[in-house]
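Novice: Before we start, here is the structure in question, set down as structure tokens.
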Protein chains: 4
Amino acid sequence: MCGIAGTSDTILAAPVLYHLLHALQHRGQESAGIFVWDGTSVQKQKGYGLVSEVFSDADLKRFTGTVGIGHVRYPTTGGSKPENIQPFHFLFRGHSLSVVHNGNLVNTEALRDEYAGHGVTFSSTSDTEVIGTVLAGELVKGKSLEDAVLFALQKLSGSYSVICMLDGQLFGFRDPLGIKPFCMGKTKTGGYILASESAALDAVGAELLRDVRPGEFVLVGTDGIVSSQLVKAESPAHCIFEYIYFARPDSILDGVPVYDVRRKTGEILARESFADAEMVSPVPDSGTASAVGFAKQSGIPFREALIKNRYTGRTFILPSQEKRELGVRMKLNPIRSHVRNRSVILVDDSIVRGTTAKRILSLVRDFGAEEIHLRIASPPVIAPCYLGTDFPTREELISSAKTVDEVRDTIGASTLAHVSLSGLVEASGLPKEYLCLGCLTGVYPLEIAGEICEKKKMCVYRR
Amino acid sequence: MCGIAGTSDTILAAPVLYHLLHALQHRGQESAGIFVWDGTSVQKQKGYGLVSEVFSDADLKRFTGTVGIGHVRYPTTGGSKPENIQPFHFLFRGHSLSVVHNGNLVNTEALRDEYAGHGVTFSSTSDTEVIGTVLAGELVKGKSLEDAVLFALQKLSGSYSVICMLDGQLFGFRDPLGIKPFCMGKTKTGGYILASESAALDAVGAELLRDVRPGEFVLVGTDGIVSSQLVKAESPAHCIFEYIYFARPDSILDGVPVYDVRRKTGEILARESFADAEMVSPVPDSGTASAVGFAKQSGIPFREALIKNRYTGRTFILPSQEKRELGVRMKLNPIRSHVRNRSVILVDDSIVRGTTAKRILSLVRDFGAEEIHLRIASPPVIAPCYLGTDFPTREELISSAKTVDEVRDTIGASTLAHVSLSGLVEASGLPKEYLCLGCLTGVYPLEIAGEICEKKKMCVYRR
Amino acid sequence: MCGIAGTSDTILAAPVLYHLLHALQHRGQESAGIFVWDGTSVQKQKGYGLVSEVFSDADLKRFTGTVGIGHVRYPTTGGSKPENIQPFHFLFRGHSLSVVHNGNLVNTEALRDEYAGHGVTFSSTSDTEVIGTVLAGELVKGKSLEDAVLFALQKLSGSYSVICMLDGQLFGFRDPLGIKPFCMGKTKTGGYILASESAALDAVGAELLRDVRPGEFVLVGTDGIVSSQLVKAESPAHCIFEYIYFARPDSILDGVPVYDVRRKTGEILARESFADAEMVSPVPDSGTASAVGFAKQSGIPFREALIKNRYTGRTFILPSQEKRELGVRMKLNPIRSHVRNRSVILVDDSIVRGTTAKRILSLVRDFGAEEIHLRIASPPVIAPCYLGTDFPTREELISSAKTVDEVRDTIGASTLAHVSLSGLVEASGLPKEYLCLGCLTGVYPLEIAGEICEKKKMCVYRR
Amino acid sequence: MCGIAGTSDTILAAPVLYHLLHALQHRGQESAGIFVWDGTSVQKQKGYGLVSEVFSDADLKRFTGTVGIGHVRYPTTGGSKPENIQPFHFLFRGHSLSVVHNGNLVNTEALRDEYAGHGVTFSSTSDTEVIGTVLAGELVKGKSLEDAVLFALQKLSGSYSVICMLDGQLFGFRDPLGIKPFCMGKTKTGGYILASESAALDAVGAELLRDVRPGEFVLVGTDGIVSSQLVKAESPAHCIFEYIYFARPDSILDGVPVYDVRRKTGEILARESFADAEMVSPVPDSGTASAVGFAKQSGIPFREALIKNRYTGRTFILPSQEKRELGVRMKLNPIRSHVRNRSVILVDDSIVRGTTAKRILSLVRDFGAEEIHLRIASPPVIAPCYLGTDFPTREELISSAKTVDEVRDTIGASTLAHVSLSGLVEASGLPKEYLCLGCLTGVYPLEIAGEICEKKKMCVYRR
């Protein structure tokens with residue numbers, strides 16, 4: 001999970017990128033970076049922390065150009081090291097290529113090895129550096145930009161929404177299956193924006209044009225966006241977890257409003273697994289939209305049972321049992337008058353390890369709840385993700401080894417029910433074959449060593 | 001608005017205070033401070049910023065004692081100056097008095113002048129320094145602690161919930177009208193806590209014992225809390241705005257659960273001022289509880305229209321119109337599919353200047369809403385507060401000069417309605433004469449130069 | 001040891017104070033503060049660290065006034081606590097008094113107790129707060145400024161060079177014995193400066209007018225400096241250690257150039273305690289001037305044996321013997337070709353605990369020196385200082401218990417000699433009775449409980 | 001100018017590197033970095049600032065290995081950009097190569113272009129990245145380490161003292177002419193150190209073994225240092241400016257003690273260009289050793305005329321002439337009693353632009369000096385340096401266009417004299433052909449486009 005953004009406009013790029021990245025902050029809080037083309041070279045700023053911490057007003061004022069790219073990072077592949085903070089930068093024969101990327105390659109090691117044979121070394125463990133090396137390696141040999149991107153699309157296996165800046169020119173491309181989200185918009189000042197989610201466009205008052213298509217290469221020129229459909233797969237494989245959890249509820253991904261998917265999932269869940277209770281409450285904030293849907297469909301009143309402290313803060317660690325209880329209450333606190341002696345339906349988006357659910361249920365029970373019916377707006381997560389989601393190993397996924405009833409007993413719910421896979425797909429409004437459901441089914445849309453792959457989607461490359 | 005906390009326990013004080021203050025962070029984000037008694041002297045840490053910024057783990061580990069007090073500050077009287085950050089500290093004849101305070105005195109100037117006559121000077125513009133000077137001035141003459149507090153209760157006019165640490169002894173007192181909230185709790189480790197709100201007790205797993213009573217002096221000793229009812233007023237005057245907006249929804253203030261007040265206000269508002277619409281939406285987060293009540297009572301589905309970005313971040317300022325639009329969207333973004341061509345009831349807690357309401361309505365309208373019915377869960381704010389709320393001058397209060405219809409037109413709502421005063425009082429469950437309604441009525445519970453005071457509440461002092 | 005500065009000029013005060021304090025940085029590196037009068041109130045900045053760390057350019061640009069005071073602190077009395085950082089500030093009846101101070105009171109406890117009787121408390125353990133409280137306590141009663149200062153001069157016992165700002169008016173006063181240095185100068189822009197040392201005046205291109213006299217009150221007005229000789233002692237008692245070590249060699253204190261005193265001391269030392277050696281080397285930087293004098297008088301060539309690393313840096317601590325050796329070499333490194341098989345005269349300013357001397361001698365010996373003749377440009381330090389120097393207790397002063405020969409053996413010198421007291425006094429060019437020689441003789445110029453006082457110097461007060 | 005260090009020992013590397021770099025701080029203050037091999041990967045810390053600022057104790061405690069390298073940077077080639085901070089890191093086929101470098105390549109552009117042909121790109125403008133790319137490019141193809149270094153020595157033209165860490169193995173090599181200094185030492189704990197200067201070895205109590213020879217490859221193994229003389233030039237070309245100014249006076253470079261060179265230069269200068277004056281004074285600290293020599297030879301007493309403020313601090317900038325005067329006095333202040341009405345010989349190491357000399361002379365004259373005889377311990381600098389010294393362009397070198405008499409008049413000296421080239425060479429004790437005198441003669445020891453090269457030194461490579 002990461003967030004990417006790029007702009008090419010008539011106004012200064014840095015404030016636009018700052019607001020785009022702030023709107024994408026939920027996609028990565030470890031580090032952030034902005035690169036802007038000043039006409040002759042690249043101005044850079046990157047570092048650990050939130051967007052508001054990495055970029056001071058003084059930093060932003062340093063940037064003088066109107067074209068730039070930016071990134072917020074959630075550390076998955078490569079680990080949390082300073083050299084993995086994006087954007088990456090490549091210099092060759094007087095040219096400058098900057099790259100940001102959201103997604104995860106599955107053939108990085110093979111590529112690193114292949115390029116080592118040409119005497120190429122790497123300075124980081126990031127797969128973004130591999131993407132840039134593949135691209136730059138073609139450009140430095142004199143290939144056209146389009147041919148270099150086509151080469152990259154053929155070479156790179158995995159999920160990748162990529163934005164680049166070659167000297168002062170902005171372009172982007174998306175993997176043939178369109179696994180991770182990627183959209184483009186038009187600003188009121190005549191410029192163009194590429195970004196992970198449409199909510200980022202809203203943040204700067206830009207209009208959503210459409211999503212970047214799987215396998216598409218888009219080049220932002222002075223006359224607008226030039227598109228080349230370089231690859232065409234049989235069907236896309238959009239990540240279902242973006243709809244379940246990752247994306248902002250106010251975003252529209254690949255034509256589908258996220259809040260609607262979640263709300264409808266809640267409605268279907270209410271139909272599939274009704275429970276007789278006095279109130280429907282979300283686990284804030286991830287369960288809210290589904291709880292709203294559940295309440296509407298079931299007719300049971302929506303009422304908050306848990307209040308989230310909006311101020312982030314680490315728990316101060318003491319070597320005692322006491323500590324762990326303090327831990328949870330830093331973030332969530334039940335409303336005693338709502339749960340005491342009540343029967344409550346709690347709605348959350350998913351269960352991964354089960355530890356958080358267990359702590360929340362124990363907390364609500366401590367405040368006197370009589371019955372807690374947990375309803376989950378996704379099917380059980382049973383398999384790892386190799387394509388950009390930071391799930392734990394299969395062993396740590398509670399639903400991988402345990403039945404729903406066993407999970408219910410482990411976490412301490414009165415009843416537990418997940419929405420069905422078909423219910424979730426129905427809520428998405430997309431054909432099942434347009435979705436990557438790997439984590440829910442264990443069947444992946446592309447070849448991953450040691451895993452089952454659905455019938456490989458044929459890709460047709462332009463040349 | 002500020003938050004105060006104190007602990008006297010068998011375990012280290014600093015982690016407890018850290019979590020108490022974090023739970024009270026909504027009451028003040030400008031600065032924070034913790035003082036702990038180490039057995040012979042006071043260990044201190046204070047500074048600008050959020051609790052998580054002011055206190056690093058290394059800072060907290062420095063503190064070695066089991067008794068301490070803390071404060072989070074919202075700058076009202078005295079301005080945002082480093083010397084006004086609490087706690088305050090007073091040294092005299094080998095004794096050490098530390099003081100934190102929530103509230104606002106109305107006779108500070110007279111007191112400063114009186115003490116100047118004794119050769120006493122001040123080092124800050126904070127009225128907390130005045131409280132400490134009055135207390136310490138009696139203690140230094142050899143008075144007993146109880147007599148010194150009685151003297152202070154007679155001398156100080158205004159709102160004040162105060163926690164002190166005299167050498168290693170924790171005590172607190174509350175103004176005779178109990179204007180600002182103040183409660184006490186018992187920990188699992190045999191200690192006691194004093195704090196602004198009960199949600200802070202929840203954060204450290206402590207049990208709410210009861211509220212500190214108006215005019216009460218509580219001394220935390222080894223055998224528990226010793227109480228002295230030093231002053232008794234005819235009736236209290238609890239701040240209504242704590243229930244409307246300030247307090248956390250999961251707190252219980254003076255026996256009344258805050259979320260219930262807000263939810264019931266929403267229900268009454270729905271009865272008083274129904275509107276025919278497709279959905280009820282809160283202005284997050286302050287309008288959520290009332291919107292839940294409104295939806296339930298009206299039968300109109302609850303559905304979010306606005307998503308709040310949980311990451312705080314300043315707007316980067318550019319010299320253009322563009323900027324201001326960017327400004328609002330940093331925080332709130334409409335869900336297009338919910339508001340486009342729809343008729344929406346928006347519920348918020350209050351209108352002060354009207355500028356925020358205007359911007360939000362304009363934003364929702366830009367996303368295509370057909371009708372926006374604004375419902376406010378408080379009567380119009382027509383008068384300033386002198387007792388701890390940072391309202392602007394009477395001139396800047398939009399409802400002071402304008403009728404509800406004029407306000408509706410100014411901010412651009414289709415319809416606008418406030419809950420009635422009697423409705424709000426009914427929702428609070430308290431007798432009207434137990435509340436300070438100054439900002440809603442212009443009539444104050446104690447003498448304020450140039451303002452109307454309700455029949456002065458008689459106070460009977462113990463001696 | 002601290003440094004103080006004040007300015008009242010036609011140009012902005014902050015840059016002037018910054019450069020004054022930077023030139024006085026050797027007098028205190030723990031913390032620094034600047035207060036400037038902006039016409040209606042005091043602008044403040046203080047904190048831990050060097051002048052260059054405490055004040056950023058942005059900080060300095062905030063200051064808008066032309067009158068201000070500043071301080072650099074070396075923590076002696078009161079300990080290193082944030083509340084002890086100077087300047088101190090006192091508010092009373094619409095007036096504002098800011099105070100900085102160099103020196104040490106010997107009757108602080110009695111004064112704190114006396115003022116407690118009036119209900120006055122303190123917020124720090126600094127004796128500067130006592131000075132300000134005494135002054136402000138008179139001013140608040142309506143006394144004239146001159147009468148208030150006279151009262152302070154009668155009340156305060158010890159060493160004190162004080163600069164104050166009352167609203168926008170700059171003034172200063174010096175204790176009746178003139179123990180700590182204090183001078184005044186005139187700028188090219190028509191303003192006046194008060195400062196600890198004349199080298200600070202040089203730093204801002206100002207002309208040294210003269211020293212502030214012992215017992216003098218100077219008020220900087222629009223027409224220049226108005227002087228009142230409020231107290232007259234039989235004779236002054238200037239601190240001898242300022243000439244030996246504290247002051248900058250380029251300063252002139254009470255009419256005497258510091259470098260000349262040190263150089264002449266070296267010459268006298270060469271006459272008194274010649275040693276036959278190949279070179280004369282200073283312990284840098286404190287022994288340089290005396291080594292130059294010793295070399296000239298003895299005819300033995302001056303040549304550096306030790307090079308000082310100009311970059312300050314803490315030693316990184318490892319739990320081993322190894323560490324301590326690393327420690328010394330962080331700062332000083334011998335030049336092997338100069339000391340190997342050579343006979344060297346090493347000149348230093350003083351010996352306090354003896355630990356530094358021991359380590360330096362061991363280091364030089366490790367590099368192969370055959371003979372090391374240590375020559376000290378001060379008599380043995382045998383008694384504590386109560387008047388502003390941070391010496392250790394009598395027990396820790398190596399020369400308090402040990403003879404010169406015993407010290408020589410302890411620290412490992414081939415020979416060791418100190419300049420005689422009469423030699424040092426001769427080098428100073430001042431009459432012996434004009435100097436405070438407490439640390440060298442154990443006899444102090446004013447009453448200190450438990451110590452011998454020379455015949456008390458009579459003070460005549462103006463009124 | 002930069003400083004490099006490496007250690008392979010039985011004790012933790014980080015504290016050793018910290019102290020080595022601190023001792024080399026004079027070679028670069030812009031940024032610093034330390035890399036340590038933890039057994040399986042490289043631990044890193046780098047950033048802008050002094051060694052004491054970049055590495056906190058907590059940072060140093062993170063490092064767990066016993067082998068590591070470090071760097072302090074003075075920005076010459078490549079500009080002051082974060083990506084140019086050393087060490088550099090290269091990953092290939094499971095191996096990790098870290099590189100630090102002091103010096104400057106003259107064929108960087110050609111190399112970058114050549115490697116671009118293989119599809120290799122760069123991430124910085126540093127020539128250190130080029131060195132690492134050349135080395136790693138051979139290693140990745142399977143060459144032995146020795147063959148890879150031999151290849152690099154053939155490929156790289158310019159000055160380069162290089163330390164590398166290949167996985168956990170430390171090695172170094174020096175350009176065939178040995179332009180920049182490089183030495184090795186043995187620690188008391190059985191380890192080995194590579195460093196720019198011998199004074200760094202002193203700082204950690206290590207013994208200087210010898211200098212790394214020009215063209216030598218040294219590999220630090222468990223049994224000690226294995227040396228391979230891979231290249232042999234006709235003669236070395238040690239940088240003369242290291243002896244004149246760069247190196248610490250307590251270092252021994254290529255067998256020659258630096259302080260001795262400077263002192264002897266002062267003696268020769270006194271013989272060549274005596275002046276009749278009352279005192280000889282250095283411009284501190286760079287002129288001190290030469291002034292000591294001048295004083296001894298001339299019989300004129302050594303006495304300081306200028307005192308340097310040891311606390312670094314930027315000048316606070318005001319828009320006025322006043323400012324520039326303040327500027328100089330931040331650092332240097334004359335001793336009035338020494339220069340007033342006196343005739344002074346001032347000794348400095350060199351004149352580059354002439355601006356500093358001009359300001360110092362004007363300052364000394366302002367304090368009343370009658371005659372100022374400036375003596376410079378180097379011949380005029382008339383040509384740029386391409387091999388590691390950050391001189392300005394030829395146009396900005398005052399001695400490039402002006403005669404000595406013209407320079408004297410421009411800077412305002414009574415008389416001005418430089419030591420002769422033969423005098424300086426004599427002082428160095430090295431044959432003239434063993435030195436790089438490019439900046440003093442305009443003739444360089446290797447081919448530089450557009451400049452005169454002395455008869456190219458033949459290099460014989462081992463294979």
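As shown in the structure tokens, the chain order sets the letters A, B, ...; within each chain, residues go from 1, and ligands are also counted from 1 in the order they appear.
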Leaving out A:Gly293 and any residue of its chain fewer than 4 positions from it, which residues lie within 10 Å of it when counting only C-alpha atoms, given as a VMD selection string?
Specialist: (chain A and resid 260 to 270 280 288 to 289 297 to 299 302) or (chain B and resid 301 to 303)
Novice: Those selected residues, please, written with N, CA, C and O atoms and delivered as a PDB file, in the first residue's frame.
Specialist:
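The resulting file, part.pdb, is shown below:
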```pdb
ATOM      1  N   ASP A 260     -20.383   3.110  -1.527  1.00  0.00           N
ATOM      2  CA  ASP A 260     -21.536   2.316  -1.958  1.00  0.00           C
ATOM      3  C   ASP A 260     -21.263   0.818  -1.814  1.00  0.00           C
ATOM      4  O   ASP A 260     -22.127   0.054  -1.376  1.00  0.00           O
ATOM      5  N   VAL A 261     -20.054   0.387  -2.205  1.00  0.00           N
ATOM      6  CA  VAL A 261     -19.711  -1.034  -2.079  1.00  0.00           C
ATOM      7  C   VAL A 261     -19.829  -1.456  -0.621  1.00  0.00           C
ATOM      8  O   VAL A 261     -20.404  -2.491  -0.292  1.00  0.00           O
ATOM      9  N   ARG A 262     -19.291  -0.615   0.252  1.00  0.00           N
ATOM     10  CA  ARG A 262     -19.276  -0.984   1.674  1.00  0.00           C
ATOM     11  C   ARG A 262     -20.689  -0.975   2.264  1.00  0.00           C
ATOM     12  O   ARG A 262     -21.057  -1.834   3.051  1.00  0.00           O
ATOM     13  N   ARG A 263     -21.466   0.021   1.879  1.00  0.00           N
ATOM     14  CA  ARG A 263     -22.822   0.125   2.399  1.00  0.00           C
ATOM     15  C   ARG A 263     -23.659  -1.064   1.925  1.00  0.00           C
ATOM     16  O   ARG A 263     -24.351  -1.713   2.724  1.00  0.00           O
ATOM     17  N   LYS A 264     -23.541  -1.365   0.627  1.00  0.00           N
ATOM     18  CA  LYS A 264     -24.299  -2.488   0.075  1.00  0.00           C
ATOM     19  C   LYS A 264     -23.852  -3.802   0.697  1.00  0.00           C
ATOM     20  O   LYS A 264     -24.658  -4.707   0.936  1.00  0.00           O
ATOM     21  N   THR A 265     -22.552  -3.939   0.934  1.00  0.00           N
ATOM     22  CA  THR A 265     -22.063  -5.141   1.608  1.00  0.00           C
ATOM     23  C   THR A 265     -22.753  -5.288   2.963  1.00  0.00           C
ATOM     24  O   THR A 265     -23.149  -6.394   3.370  1.00  0.00           O
ATOM     25  N   GLY A 266     -22.911  -4.166   3.647  1.00  0.00           N
ATOM     26  CA  GLY A 266     -23.597  -4.191   4.947  1.00  0.00           C
ATOM     27  C   GLY A 266     -25.041  -4.640   4.801  1.00  0.00           C
ATOM     28  O   GLY A 266     -25.563  -5.415   5.619  1.00  0.00           O
ATOM     29  N   GLU A 267     -25.694  -4.157   3.760  1.00  0.00           N
ATOM     30  CA  GLU A 267     -27.089  -4.541   3.529  1.00  0.00           C
ATOM     31  C   GLU A 267     -27.197  -6.045   3.256  1.00  0.00           C
ATOM     32  O   GLU A 267     -28.050  -6.727   3.811  1.00  0.00           O
ATOM     33  N   ILE A 268     -26.303  -6.525   2.379  1.00  0.00           N
ATOM     34  CA  ILE A 268     -26.341  -7.953   2.039  1.00  0.00           C
ATOM     35  C   ILE A 268     -26.034  -8.804   3.272  1.00  0.00           C
ATOM     36  O   ILE A 268     -26.658  -9.826   3.536  1.00  0.00           O
ATOM     37  N   LEU A 269     -25.081  -8.316   4.059  1.00  0.00           N
ATOM     38  CA  LEU A 269     -24.700  -9.002   5.288  1.00  0.00           C
ATOM     39  C   LEU A 269     -25.911  -9.090   6.233  1.00  0.00           C
ATOM     40  O   LEU A 269     -26.139 -10.126   6.886  1.00  0.00           O
ATOM     41  N   ALA A 270     -26.701  -8.049   6.281  1.00  0.00           N
ATOM     42  CA  ALA A 270     -27.894  -8.044   7.150  1.00  0.00           C
ATOM     43  C   ALA A 270     -28.907  -9.072   6.656  1.00  0.00           C
ATOM     44  O   ALA A 270     -29.576  -9.739   7.448  1.00  0.00           O
ATOM     45  N   VAL A 280     -27.062  -1.350  16.073  1.00  0.00           N
ATOM     46  CA  VAL A 280     -25.974  -1.701  15.159  1.00  0.00           C
ATOM     47  C   VAL A 280     -24.886  -0.658  15.334  1.00  0.00           C
ATOM     48  O   VAL A 280     -25.157   0.541  15.199  1.00  0.00           O
ATOM     49  N   THR A 288     -17.811   1.698   9.512  1.00  0.00           N
ATOM     50  CA  THR A 288     -18.945   2.611   9.553  1.00  0.00           C
ATOM     51  C   THR A 288     -19.897   2.455   8.369  1.00  0.00           C
ATOM     52  O   THR A 288     -21.117   2.314   8.554  1.00  0.00           O
ATOM     53  N   ALA A 289     -19.370   2.471   7.153  1.00  0.00           N
ATOM     54  CA  ALA A 289     -20.258   2.416   5.979  1.00  0.00           C
ATOM     55  C   ALA A 289     -21.071   1.129   5.966  1.00  0.00           C
ATOM     56  O   ALA A 289     -22.281   1.130   5.671  1.00  0.00           O
ATOM     57  N   GLN A 297     -30.914  -1.914   6.374  1.00  0.00           N
ATOM     58  CA  GLN A 297     -31.550  -3.137   5.891  1.00  0.00           C
ATOM     59  C   GLN A 297     -32.276  -3.878   7.008  1.00  0.00           C
ATOM     60  O   GLN A 297     -33.372  -4.400   6.821  1.00  0.00           O
ATOM     61  N   SER A 298     -31.655  -3.905   8.196  1.00  0.00           N
ATOM     62  CA  SER A 298     -32.211  -4.695   9.302  1.00  0.00           C
ATOM     63  C   SER A 298     -33.297  -3.960  10.062  1.00  0.00           C
ATOM     64  O   SER A 298     -34.089  -4.571  10.779  1.00  0.00           O
ATOM     65  N   GLY A 299     -33.303  -2.630   9.943  1.00  0.00           N
ATOM     66  CA  GLY A 299     -34.266  -1.858  10.721  1.00  0.00           C
ATOM     67  C   GLY A 299     -33.847  -1.654  12.174  1.00  0.00           C
ATOM     68  O   GLY A 299     -34.551  -1.019  12.954  1.00  0.00           O
ATOM     69  N   PHE A 302     -29.048   2.445  14.179  1.00  0.00           N
ATOM     70  CA  PHE A 302     -27.603   2.709  14.148  1.00  0.00           C
ATOM     71  C   PHE A 302     -27.266   3.552  15.370  1.00  0.00           C
ATOM     72  O   PHE A 302     -27.887   4.582  15.613  1.00  0.00           O
TER      73      PHE A 302
ATOM     74  N   PRO B 301     -33.195   7.586   6.611  1.00  0.00           N
ATOM     75  CA  PRO B 301     -31.951   6.830   6.814  1.00  0.00           C
ATOM     76  C   PRO B 301     -30.746   7.716   7.129  1.00  0.00           C
ATOM     77  O   PRO B 301     -30.584   8.782   6.536  1.00  0.00           O
ATOM     78  N   PHE B 302     -29.925   7.221   8.068  1.00  0.00           N
ATOM     79  CA  PHE B 302     -28.643   7.846   8.397  1.00  0.00           C
ATOM     80  C   PHE B 302     -27.644   7.430   7.319  1.00  0.00           C
ATOM     81  O   PHE B 302     -27.497   6.246   7.034  1.00  0.00           O
ATOM     82  N   ARG B 303     -26.967   8.389   6.735  1.00  0.00           N
ATOM     83  CA  ARG B 303     -25.945   8.064   5.722  1.00  0.00           C
ATOM     84  C   ARG B 303     -24.940   9.214   5.658  1.00  0.00           C
ATOM     85  O   ARG B 303     -25.343  10.375   5.636  1.00  0.00           O
TER      86      ARG B 303
END
```
Novice: With the cut-off set at 8 Å and counting only C-alpha atoms, tabulate each residue of chain B with an atom at most that distance from an atom of chain C, showing the nearest atom pair and its distance in Å to one decimal, ordered by chain and increasing number, as a Markdown table.
Specialist:
```
| residue | atom | partner | partner_atom | distance |
| --- | --- | --- | --- | --- |
| B:His89 | CA | C:Ser123 | CA | 5.5 |
| B:Phe90 | CA | C:Ser123 | CA | 4.9 |
| B:Leu91 | CA | C:Phe122 | CA | 4.8 |
| B:Phe92 | CA | C:Thr121 | CA | 5.1 |
| B:Arg93 | CA | C:Asp113 | CA | 6.2 |
| B:Arg112 | CA | C:Arg93 | CA | 7.6 |
| B:Asp113 | CA | C:Arg93 | CA | 6.3 |
| B:Ala116 | CA | C:Val140 | CA | 6.1 |
| B:Gly117 | CA | C:Lys141 | CA | 6.5 |
| B:His118 | CA | C:His118 | CA | 6.6 |
| B:Gly119 | CA | C:Gly137 | CA | 4.4 |
| B:Val120 | CA | C:Val120 | CA | 5.8 |
| B:Thr121 | CA | C:Phe92 | CA | 5.1 |
| B:Phe122 | CA | C:Leu91 | CA | 4.9 |
| B:Ser123 | CA | C:Phe90 | CA | 4.9 |
| B:Ser124 | CA | C:Leu91 | CA | 7.1 |
| B:Thr133 | CA | C:Thr121 | CA | 7.4 |
| B:Ala136 | CA | C:Thr121 | CA | 7.0 |
| B:Gly137 | CA | C:Gly119 | CA | 4.4 |
| B:Glu138 | CA | C:Gly119 | CA | 7.0 |
| B:Val140 | CA | C:Gly119 | CA | 5.9 |
| B:Lys141 | CA | C:Gly117 | CA | 6.4 |
```
Novice: Fewer than 2 positions away in the same chain doesn't count, so skip those; otherwise give me all residues within 10 Å of A:Arg210, counting only C-alpha atoms, as number ranges by chain.
Specialist: A: 182-186, 198, 207-208, 212-213, 252-255
Novice: Using only N, CA and C atoms, please write the residues we just selected to a file, as a short mmCIF file (atom, residue, chain, number, x, y, z; two decimals), in the first residue's frame.
Specialist:
```
data_model
loop_
_atom_site.label_atom_id
_atom_site.label_comp_id
_atom_site.auth_asym_id
_atom_site.auth_seq_id
_atom_site.Cartn_x
_atom_site.Cartn_y
_atom_site.Cartn_z
N PHE A 182 -5.65 3.67 -9.96
CA PHE A 182 -4.88 4.70 -10.66
C PHE A 182 -5.86 5.52 -11.49
N CYS A 183 -5.91 6.83 -11.29
CA CYS A 183 -6.86 7.64 -12.05
C CYS A 183 -6.22 8.93 -12.51
N MET A 184 -6.95 9.65 -13.36
CA MET A 184 -6.42 10.91 -13.85
C MET A 184 -7.50 11.97 -13.86
N GLY A 185 -7.06 13.24 -13.70
CA GLY A 185 -8.02 14.33 -13.62
C GLY A 185 -7.50 15.58 -14.27
N LYS A 186 -8.40 16.56 -14.35
CA LYS A 186 -8.10 17.82 -15.01
C LYS A 186 -8.35 18.94 -14.01
N SER A 198 -9.44 8.95 -6.58
CA SER A 198 -10.17 10.14 -7.01
C SER A 198 -10.37 11.14 -5.88
N GLU A 207 -11.21 17.70 -11.56
CA GLU A 207 -12.29 16.86 -12.05
C GLU A 207 -11.74 15.47 -12.42
N LEU A 208 -12.42 14.43 -11.96
CA LEU A 208 -12.02 13.07 -12.34
C LEU A 208 -12.34 12.85 -13.82
N VAL A 212 -6.91 5.36 -15.22
CA VAL A 212 -5.91 4.88 -16.17
C VAL A 212 -6.23 3.41 -16.39
N ARG A 213 -6.28 2.98 -17.67
CA ARG A 213 -6.71 1.60 -17.94
C ARG A 213 -5.57 0.61 -17.70
N ILE A 252 -13.78 6.96 -5.90
CA ILE A 252 -14.42 6.12 -6.93
C ILE A 252 -13.29 5.40 -7.64
N LEU A 253 -13.24 4.05 -7.51
CA LEU A 253 -12.14 3.29 -8.11
C LEU A 253 -12.65 2.47 -9.28
N ASP A 254 -12.03 2.64 -10.43
CA ASP A 254 -12.42 1.90 -11.63
C ASP A 254 -13.94 1.97 -11.83
N GLY A 255 -14.45 3.19 -11.61
CA GLY A 255 -15.85 3.45 -11.88
C GLY A 255 -16.81 3.12 -10.75
#
```
